[in-house]
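Novice: Input run-v5.txt, format and content: compact mmCIF, C-alpha atoms.
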```
# COMPACT_ATOMS: atom_id res chain seq x y z
CA MET A 182 313.04 171.48 -39.20
CA LEU A 183 314.58 174.64 -37.80
CA ARG A 184 311.33 175.68 -36.22
CA TRP A 185 311.11 172.25 -34.62
CA ILE A 186 314.56 172.53 -33.16
CA MET A 187 313.74 175.99 -31.84
CA ALA A 188 310.43 174.83 -30.49
CA LEU A 189 312.03 171.87 -28.76
CA VAL A 190 314.82 173.96 -27.31
CA VAL A 191 312.26 176.44 -26.00
CA GLY A 192 310.03 173.61 -24.87
CA PHE A 193 312.55 171.59 -22.96
CA VAL A 194 314.30 174.61 -21.48
CA PHE A 195 311.00 176.22 -20.54
CA PRO A 196 310.17 173.80 -17.72
CA VAL A 197 313.26 174.96 -15.90
CA MET A 198 312.00 178.52 -16.10
CA ALA A 199 308.36 177.65 -15.57
CA ASP A 200 308.32 178.62 -11.93
CA GLU A 201 305.66 181.26 -12.15
CA LEU A 202 302.46 181.47 -10.24
CA SER A 203 299.49 183.24 -11.69
CA ILE A 204 297.52 185.18 -9.11
CA ILE A 205 294.29 187.00 -9.86
CA ASP A 206 293.73 189.59 -7.17
CA SER A 207 290.47 190.80 -5.69
CA GLN A 208 290.25 193.49 -8.41
CA GLY A 209 290.43 190.84 -11.13
CA GLU A 210 293.97 191.80 -12.18
CA ARG A 211 296.29 188.94 -13.10
CA HIS A 212 299.84 188.87 -11.70
CA LEU A 213 302.46 186.45 -13.02
CA VAL A 214 305.08 186.20 -10.30
CA LYS A 215 308.19 184.05 -9.98
CA THR A 216 307.72 181.66 -7.13
CA HIS A 217 311.20 182.22 -5.70
CA LEU A 218 310.43 185.94 -5.47
CA LEU A 219 307.20 185.15 -3.68
CA ALA A 220 309.14 182.91 -1.31
CA GLN A 221 311.45 185.83 -0.54
CA GLN A 222 308.57 188.28 -0.12
CA PHE A 223 306.37 185.98 1.97
CA PRO A 224 308.73 183.48 3.62
CA ALA A 225 307.13 180.58 5.44
CA ALA A 226 308.48 178.53 8.30
CA PRO A 227 309.82 175.22 6.98
CA VAL A 228 307.57 172.21 7.29
CA VAL A 229 309.17 168.82 7.91
CA THR A 230 306.68 166.12 7.12
CA ALA A 231 305.72 163.10 5.09
CA ASN A 232 302.46 163.10 3.19
CA PRO A 233 300.32 160.59 1.32
CA TRP A 234 302.06 161.40 -1.98
CA ALA A 235 305.62 161.52 -0.72
CA PRO A 236 305.75 158.96 2.07
CA GLU A 237 309.31 159.87 3.04
CA VAL A 238 309.93 162.77 5.44
CA HIS A 239 311.21 165.90 3.66
CA GLN A 240 311.73 169.51 4.57
CA TYR A 241 309.51 171.81 2.54
CA THR A 242 310.12 175.54 2.32
CA GLY A 243 308.33 178.21 0.38
CA ILE A 244 305.62 180.80 0.53
CA ASN A 245 303.43 181.80 3.45
CA ILE A 246 300.06 181.37 1.76
CA GLU A 247 298.22 183.39 4.39
CA SER A 248 300.37 186.47 3.80
CA LEU A 249 300.19 185.92 0.06
CA LEU A 250 296.39 185.83 0.01
CA ASP A 251 296.28 188.81 2.35
CA HIS A 252 298.59 190.78 0.06
CA TYR A 253 296.40 190.18 -2.98
CA GLY A 254 293.17 190.92 -1.12
CA LEU A 255 292.02 187.31 -1.14
CA ALA A 256 292.14 186.65 2.58
CA ASP A 257 288.40 186.86 3.19
CA THR A 258 287.11 185.30 0.00
CA GLY A 259 286.97 181.82 -1.38
CA VAL A 260 289.85 181.13 -3.74
CA ARG A 261 290.18 178.56 -6.46
CA LEU A 262 293.50 176.76 -6.62
CA ILE A 263 294.18 175.53 -10.15
CA ALA A 264 296.89 173.03 -11.04
CA LEU A 265 298.83 172.53 -14.28
CA ASP A 266 296.77 169.44 -15.06
CA ASN A 267 293.57 171.50 -14.72
CA TYR A 268 292.70 170.04 -11.33
CA SER A 269 291.07 172.72 -9.24
CA VAL A 270 289.62 173.02 -5.80
CA VAL A 271 287.98 175.87 -3.90
CA LEU A 272 289.50 176.94 -0.61
CA GLU A 273 286.51 178.27 1.30
CA PRO A 274 286.82 181.51 3.33
CA GLY A 275 288.32 180.71 6.72
CA GLU A 276 289.25 177.19 5.70
CA LEU A 277 292.96 178.04 5.57
CA ALA A 278 293.05 178.37 9.36
CA THR A 279 291.79 174.81 9.74
CA LEU A 280 294.85 173.57 7.84
CA ARG A 281 297.09 174.99 10.62
CA GLN A 282 299.62 177.09 8.77
CA PRO A 283 300.06 175.27 5.50
CA ILE A 284 302.69 176.56 3.10
CA LEU A 285 303.03 176.81 -0.64
CA ALA A 286 306.19 174.77 -0.97
CA THR A 287 308.60 175.72 -3.69
CA GLN A 288 311.57 173.71 -2.41
CA LYS A 289 312.04 170.23 -1.08
CA ASP A 290 315.14 169.59 1.00
CA GLY A 291 316.61 172.84 -0.30
CA ARG A 292 316.04 172.02 -3.97
CA PRO A 293 313.40 173.67 -6.16
CA LEU A 294 310.42 171.43 -6.78
CA THR A 295 310.25 170.33 -10.39
CA ARG A 296 307.03 169.65 -12.23
CA ARG A 297 307.78 165.93 -12.11
CA ASP A 298 308.12 166.23 -8.38
CA PHE A 299 304.76 167.99 -7.97
CA GLY A 300 306.20 171.48 -8.29
CA PRO A 301 306.78 174.24 -8.99
CA THR A 302 304.37 174.99 -6.13
CA TRP A 303 302.68 172.54 -3.80
CA LEU A 304 300.31 173.26 -0.94
CA ILE A 305 301.87 171.40 1.95
CA VAL A 306 300.11 170.63 5.21
CA ASP A 307 302.03 169.35 8.22
CA PHE A 308 300.47 165.90 8.39
CA ASP A 309 303.12 164.61 10.80
CA GLN A 310 302.43 167.35 13.35
CA HIS A 311 298.66 167.20 12.83
CA PRO A 312 297.68 163.64 11.89
CA ASP A 313 294.02 164.55 12.39
CA LEU A 314 294.29 166.62 9.20
CA ASP A 315 294.90 163.53 7.11
CA VAL A 316 291.34 163.41 5.83
CA GLU A 317 289.91 163.50 2.33
CA ARG A 318 289.14 167.23 2.37
CA THR A 319 292.72 168.16 3.30
CA ARG A 320 294.07 165.78 0.70
CA ASN A 321 291.85 167.45 -1.90
CA LEU A 322 293.21 170.83 -0.86
CA SER A 323 296.84 169.73 -1.06
CA VAL A 324 297.13 170.87 -4.65
CA TRP A 325 300.39 170.03 -6.36
CA GLN A 326 301.70 171.61 -9.57
CA LEU A 327 299.80 174.71 -8.51
CA ALA A 328 299.64 177.17 -11.40
CA GLU A 329 296.98 179.70 -10.50
CA ILE A 330 295.16 181.25 -7.57
CA ALA A 331 291.94 183.03 -8.43
CA PRO A 332 289.06 184.45 -6.42
CA GLU A 333 286.04 182.18 -6.56
CA GLN A 334 283.04 183.92 -8.13
CA MET B 206 253.57 146.94 44.25
CA ASN B 207 256.64 146.29 46.23
CA LYS B 208 259.82 148.30 46.07
CA VAL B 209 261.74 145.65 44.15
CA GLY B 210 259.17 145.62 41.33
CA LEU B 211 259.15 149.41 41.23
CA SER B 212 262.91 149.64 41.06
CA ILE B 213 263.11 146.96 38.33
CA ALA B 214 260.48 148.79 36.27
CA GLY B 215 262.20 152.12 36.80
CA MET B 216 265.56 150.66 35.88
CA MET B 217 264.13 149.11 32.71
CA LEU B 218 262.54 152.41 31.72
CA VAL B 219 265.71 154.37 32.35
CA LEU B 220 267.89 151.80 30.58
CA GLY B 221 265.49 151.63 27.65
CA MET B 222 265.47 155.38 27.26
CA GLY B 223 269.25 155.52 27.62
CA LEU B 224 269.67 152.82 24.99
CA ALA B 225 267.28 154.60 22.64
CA MET B 226 269.18 157.87 23.07
CA TRP B 227 272.52 156.17 22.54
CA THR B 228 271.26 154.48 19.36
CA HIS B 229 269.94 157.82 18.16
CA HIS B 230 273.34 159.36 18.85
CA LEU B 231 275.10 156.57 16.93
CA MET B 232 272.82 157.05 13.96
CA GLN B 233 273.25 160.83 13.99
CA GLU B 234 277.01 160.44 14.13
CA ARG B 235 276.96 158.05 11.20
CA LEU B 236 274.66 160.36 9.28
CA SER B 237 276.95 163.36 9.71
CA GLU B 238 279.92 161.21 8.73
CA GLU B 239 278.12 160.14 5.56
CA ARG B 240 277.17 163.75 4.87
CA ARG B 241 280.80 164.85 5.28
CA SER B 242 282.09 162.20 2.90
CA MET B 243 279.36 163.04 0.38
CA MET B 244 280.29 166.73 0.58
CA SER B 245 283.93 165.84 0.18
CA ALA B 246 283.15 163.67 -2.83
CA ARG B 247 281.19 166.55 -4.36
CA ASN B 248 284.15 168.90 -3.89
CA SER B 249 286.76 166.47 -5.06
CA GLU B 250 288.12 165.64 -8.44
CA LEU B 251 285.64 164.31 -10.96
CA TYR B 252 287.91 161.61 -12.24
CA GLN B 253 289.08 158.57 -10.43
CA ALA B 254 292.82 159.03 -9.91
CA SER B 255 293.93 156.46 -12.49
CA MET B 256 291.39 157.77 -14.99
CA LYS B 257 292.94 161.20 -14.52
CA SER B 258 296.27 159.62 -15.46
CA GLU B 259 294.68 158.26 -18.62
CA VAL B 260 293.38 161.72 -19.44
CA GLU B 261 296.89 163.11 -19.07
CA VAL B 262 298.29 160.43 -21.39
CA ALA B 263 295.59 161.36 -23.90
CA ARG B 264 296.62 165.01 -23.62
CA LEU B 265 300.21 164.04 -24.39
CA SER B 266 299.03 161.86 -27.29
CA THR B 267 297.27 164.83 -28.83
CA HIS B 268 300.53 166.78 -28.92
CA LEU B 269 302.43 163.78 -30.28
CA ALA B 270 299.82 163.25 -32.98
CA GLY B 271 300.32 166.86 -34.04
CA ALA B 272 304.08 166.47 -34.08
CA ARG B 273 303.86 163.22 -36.03
CA ALA B 274 301.60 164.79 -38.62
CA GLY B 275 304.12 167.61 -39.02
CA ASP B 276 301.84 170.31 -37.64
CA TRP B 277 303.12 173.04 -35.41
CA VAL B 278 302.89 171.93 -31.82
CA GLU B 279 303.56 173.96 -28.71
CA ALA B 280 306.68 172.19 -27.50
CA ASP B 281 306.38 173.67 -24.00
CA GLU B 282 302.87 172.26 -23.78
CA MET B 283 304.21 168.88 -24.87
CA ALA B 284 306.95 169.02 -22.24
CA LEU B 285 304.37 170.01 -19.64
CA ALA B 286 302.15 167.09 -20.63
CA LEU B 287 305.12 164.72 -20.34
CA ASP B 288 306.03 166.10 -16.90
CA VAL B 289 302.45 165.69 -15.73
CA VAL B 290 302.36 162.08 -16.95
CA TYR B 291 305.65 161.48 -15.16
CA SER B 292 304.23 162.89 -11.92
CA ARG B 293 301.14 160.70 -12.30
CA HIS B 294 303.45 157.73 -12.74
CA PHE B 295 305.33 158.62 -9.54
CA LEU B 296 302.02 158.68 -7.71
CA HIS B 297 301.20 155.21 -8.97
CA SER B 298 304.64 153.80 -8.29
CA ARG B 299 304.87 155.24 -4.77
CA GLY B 300 301.59 153.64 -3.96
CA ALA B 301 300.23 157.05 -3.06
CA ILE B 302 297.00 156.43 -4.91
CA TYR B 303 296.31 152.73 -4.45
CA ARG B 304 298.33 151.55 -1.51
CA ASP B 305 296.36 148.34 -1.23
CA LEU B 306 297.23 147.42 -4.79
CA GLN B 307 300.99 147.68 -4.31
CA SER B 308 301.30 144.09 -3.20
CA GLN B 309 299.59 142.79 -6.31
CA ASP B 310 301.92 141.54 -9.01
CA GLU B 311 299.77 142.63 -11.92
CA TYR B 312 299.62 146.21 -10.58
CA SER B 313 303.38 146.37 -9.98
CA THR B 314 304.04 144.96 -13.45
CA ALA B 315 301.79 147.54 -15.10
CA VAL B 316 303.37 150.41 -13.14
CA HIS B 317 306.88 149.18 -13.90
CA GLN B 318 305.99 148.92 -17.58
CA ILE B 319 304.69 152.50 -17.58
CA GLY B 320 307.99 153.70 -16.10
CA ARG B 321 310.02 151.90 -18.75
CA GLN B 322 307.83 153.18 -21.58
CA LEU B 323 307.96 156.73 -20.22
CA ASP B 324 311.76 156.72 -20.34
CA GLN B 325 311.56 155.37 -23.87
CA LEU B 326 309.01 158.03 -24.80
CA GLU B 327 311.20 160.82 -23.47
CA ALA B 328 314.22 159.49 -25.34
CA SER B 329 312.17 159.31 -28.55
CA MET B 330 310.92 162.85 -28.04
CA ASP B 331 314.46 164.10 -27.46
CA ALA B 332 315.50 162.37 -30.68
CA GLN B 333 312.39 163.72 -32.43
CA ASP B 334 311.55 160.17 -33.45
CA TRP B 335 307.82 160.76 -33.41
CA ASP B 336 306.90 157.30 -34.68
CA ALA B 337 308.72 155.64 -31.79
CA ALA B 338 307.23 158.21 -29.40
CA TRP B 339 303.78 157.41 -30.76
CA ILE B 340 304.27 153.68 -30.16
CA ALA B 341 305.57 154.33 -26.63
CA GLN B 342 302.57 156.51 -25.75
CA GLY B 343 300.29 153.75 -27.06
CA GLU B 344 301.98 151.27 -24.73
CA ILE B 345 301.65 153.72 -21.84
CA ALA B 346 297.97 154.22 -22.60
CA VAL B 347 297.36 150.46 -22.55
CA ALA B 348 299.27 150.03 -19.26
CA MET B 349 297.44 152.99 -17.70
CA ASN B 350 294.17 151.39 -18.77
CA GLU B 351 295.23 148.21 -17.00
CA VAL B 352 295.98 150.25 -13.86
CA THR B 353 292.51 151.77 -14.12
CA ARG B 354 290.94 148.32 -14.45
CA LEU B 355 292.77 147.10 -11.36
CA SER B 356 291.93 150.21 -9.38
CA LEU B 357 288.27 150.00 -10.38
CA ARG B 358 288.24 146.42 -9.17
CA ALA B 359 289.86 147.48 -5.89
CA GLU B 360 287.37 150.31 -5.51
CA ARG B 361 284.48 147.95 -6.13
CA ASN B 362 285.80 145.73 -3.35
CA ILE B 363 286.05 148.73 -1.03
CA LYS B 364 282.49 149.79 -1.90
CA GLU B 365 281.18 146.29 -1.30
CA ALA B 366 282.94 146.15 2.05
CA ALA B 367 281.46 149.55 2.95
CA ALA B 368 277.98 148.37 1.93
CA ARG B 369 278.37 145.25 4.06
CA GLU B 370 279.53 147.37 6.99
CA LEU B 371 276.56 149.72 6.54
CA GLU B 372 274.18 146.75 6.54
CA ARG B 373 275.76 145.47 9.74
CA PHE B 374 275.39 148.91 11.30
CA ARG B 375 271.74 149.08 10.24
CA GLN B 376 271.02 145.69 11.78
CA GLN B 377 272.87 146.64 14.95
CA CYS B 378 270.81 149.83 15.27
CA GLN B 379 267.61 147.89 14.63
CA THR B 380 268.48 145.41 17.37
CA LEU B 381 269.37 148.18 19.81
CA ASN B 382 266.16 150.04 19.01
CA LEU B 383 264.10 146.91 19.51
CA LEU B 384 265.85 146.22 22.80
CA ALA B 385 265.22 149.79 23.94
CA TRP B 386 261.52 149.52 23.07
CA LEU B 387 261.23 146.15 24.77
CA MET B 388 262.80 147.52 27.93
CA MET B 389 260.55 150.55 28.00
CA VAL B 390 257.41 148.57 27.21
CA GLY B 391 258.44 145.93 29.75
CA GLY B 392 259.05 148.61 32.37
CA CYS B 393 255.67 150.17 31.66
CA LEU B 394 253.97 146.75 31.83
CA ILE B 395 255.53 145.94 35.19
CA LEU B 396 254.44 149.31 36.50
CA GLY B 397 250.94 148.83 35.04
CA VAL B 398 250.55 145.29 36.36
CA GLY B 399 251.80 146.32 39.75
CA ARG B 400 249.31 149.19 39.88
CA THR B 401 246.39 146.96 38.75
CA GLY B 402 247.36 144.31 41.29
CA ARG B 403 247.40 146.93 44.00
CA VAL B 404 243.91 148.19 43.09
CA ARG B 405 242.55 144.61 43.00
CA THR B 406 244.02 143.86 46.41
CA SER B 407 242.49 147.02 47.68
CA HIS B 408 239.05 146.01 46.39
CA GLU B 409 239.28 142.62 48.07
CA ASN B 410 240.37 144.12 51.38
CA ASP B 411 238.44 147.33 51.79
CA TYR B 412 240.27 148.29 54.92
CA GLU B 413 243.54 148.33 52.94
CA LEU B 414 242.35 150.92 50.41
CA VAL B 415 244.79 153.72 49.95
```
Write the structure described by the file as structure tokens, please.
Specialist:
Amino acid sequence: MLRWIMALVVGFVFPVMADELSIIDSQGERHLVKTHLLAQQFPAAPVVTANPWAPEVHQYTGINIESLLDHYGLADTGVRLIALDNYSVVLEPGELATLRQPILATQKDGRPLTRRDFGPTWLIVDFDQHPDLDVERTRNLSVWQLAEIAPEQ
Amino acid sequence: MNKVGLSIAGMMLVLGMGLAMWTHHLMQERLSEERRSMMSARNSELYQASMKSEVEVARLSTHLAGARAGDWVEADEMALALDVVYSRHFLHSRGAIYRDLQSQDEYSTAVHQIGRQLDQLEASMDAQDWDAAWIAQGEIAVAMNEVTRLSLRAERNIKEAAARELERFRQQCQTLNLLAWLMMVGGCLILGVGRTGRVRTSHENDYELV
């Protein structure tokens, strides 16, 4: 019983703390980094937009994905974006530029994104500013509940 | 051959060629569009969106089954599975996945039922009432299955509409191609007939030979 209580306490408190992003760099080394620290280190310009999954307009803030990939030596390679629900998609080299400065959102309207609200990290594209990006490929790349970024072999 | 005949034949040839080129362009455009969507489908998720939701409910069920049997279960994994199911439910309820289905009563009922059962499931998990949680997840699984059935039906309708549209496009291209050929052949015939007529006239009136 005690172990259950402990497990549940850990389990239901954990989601609050589960704001880490796993990044495997170009050398194959894994880094587990708090997303709010990444947002401080690589701040992105806020994006105010609606999207197909959140039809209302919100302000998203977070991490500059371009700088992040550059920092971990993944700028010129394909990277696999893996979500908590095991969804994954490969961002091909150079494809990031076609998304016109997307961000890895960690906050929505100033509040941290929860897992139930597609957080802790969500690749946000400015669909309002660039409606031409609202195509299937971009929607596939808009990974929510992002958990890991790894170089594609 | 007089100038009028020559200009009509020339115009028909030019128009025919133009029409043929335009049809070719239309077909190429459609082909690249199809190729893009095929590539996109290859790169996209393997599951249909609602099926993915069912998979996530199944993942949660696995943890609940463990808890119910008294085995050690990773509680953080269970909480994660619950959060993921919740997020899938938000997608369904916001109409983000199947916008066209939102107006259908049966879809809205199923989605509403999932929401109610999810709240019940969470309350049961908080209370560690695993039997009640198990029943709630069963209800969710059934409702998710209903959502899948409705979405599959909607997708079938979309596919049928796309197939009908493709058939219309094929017939349109066929007609345009035929028209282009007719114009070119007609233009050539007018030119040919005009030329033959001119030679014949020339034979009959030697002094008019060119």
Novice: For chain A, which residue among B:Leu306, B:Leu285, B:Ile395, B:Ala368 is the nearest when counting all atoms listed in the file?
Specialist: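 Counting all atoms listed in the file, the residue closest to chain A is B:Leu285.
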Novice: What does the distance between atom CA of Gln322 of chain B and atom CA of Gly300 of chain A come to in Å, to one decimal place?
Specialist: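 Atom CA of Gln322 of chain B sits 22.7 Å away from atom CA of Gly300 of chain A.
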Novice: Quick one: residues within 10 Å of Asp315 of chain A, only C-alpha atoms, excluding same-chain residues fewer than 4 positions away - as a count of residues only?
Specialist: 9
Novice: Would you be able to write out as a PyMOL selection string which residues have an atom within 10 Å of (298.8, 169.7, -9.0) in the file's coordinates, counting all atoms listed in the file?
Specialist: (chain A and resi 262-269+296+298-304+322-328) or (chain B and resi 289+292-293)
Novice: For the atom pair atom CA of Met388 of chain B and atom CA of Gln233 of chain B, what is the interatomic distance in Å to one decimal place?
Specialist: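 Straight-line distance from atom CA of Met388 of chain B to atom CA of Gln233 of chain B works out to 21.9 Å.
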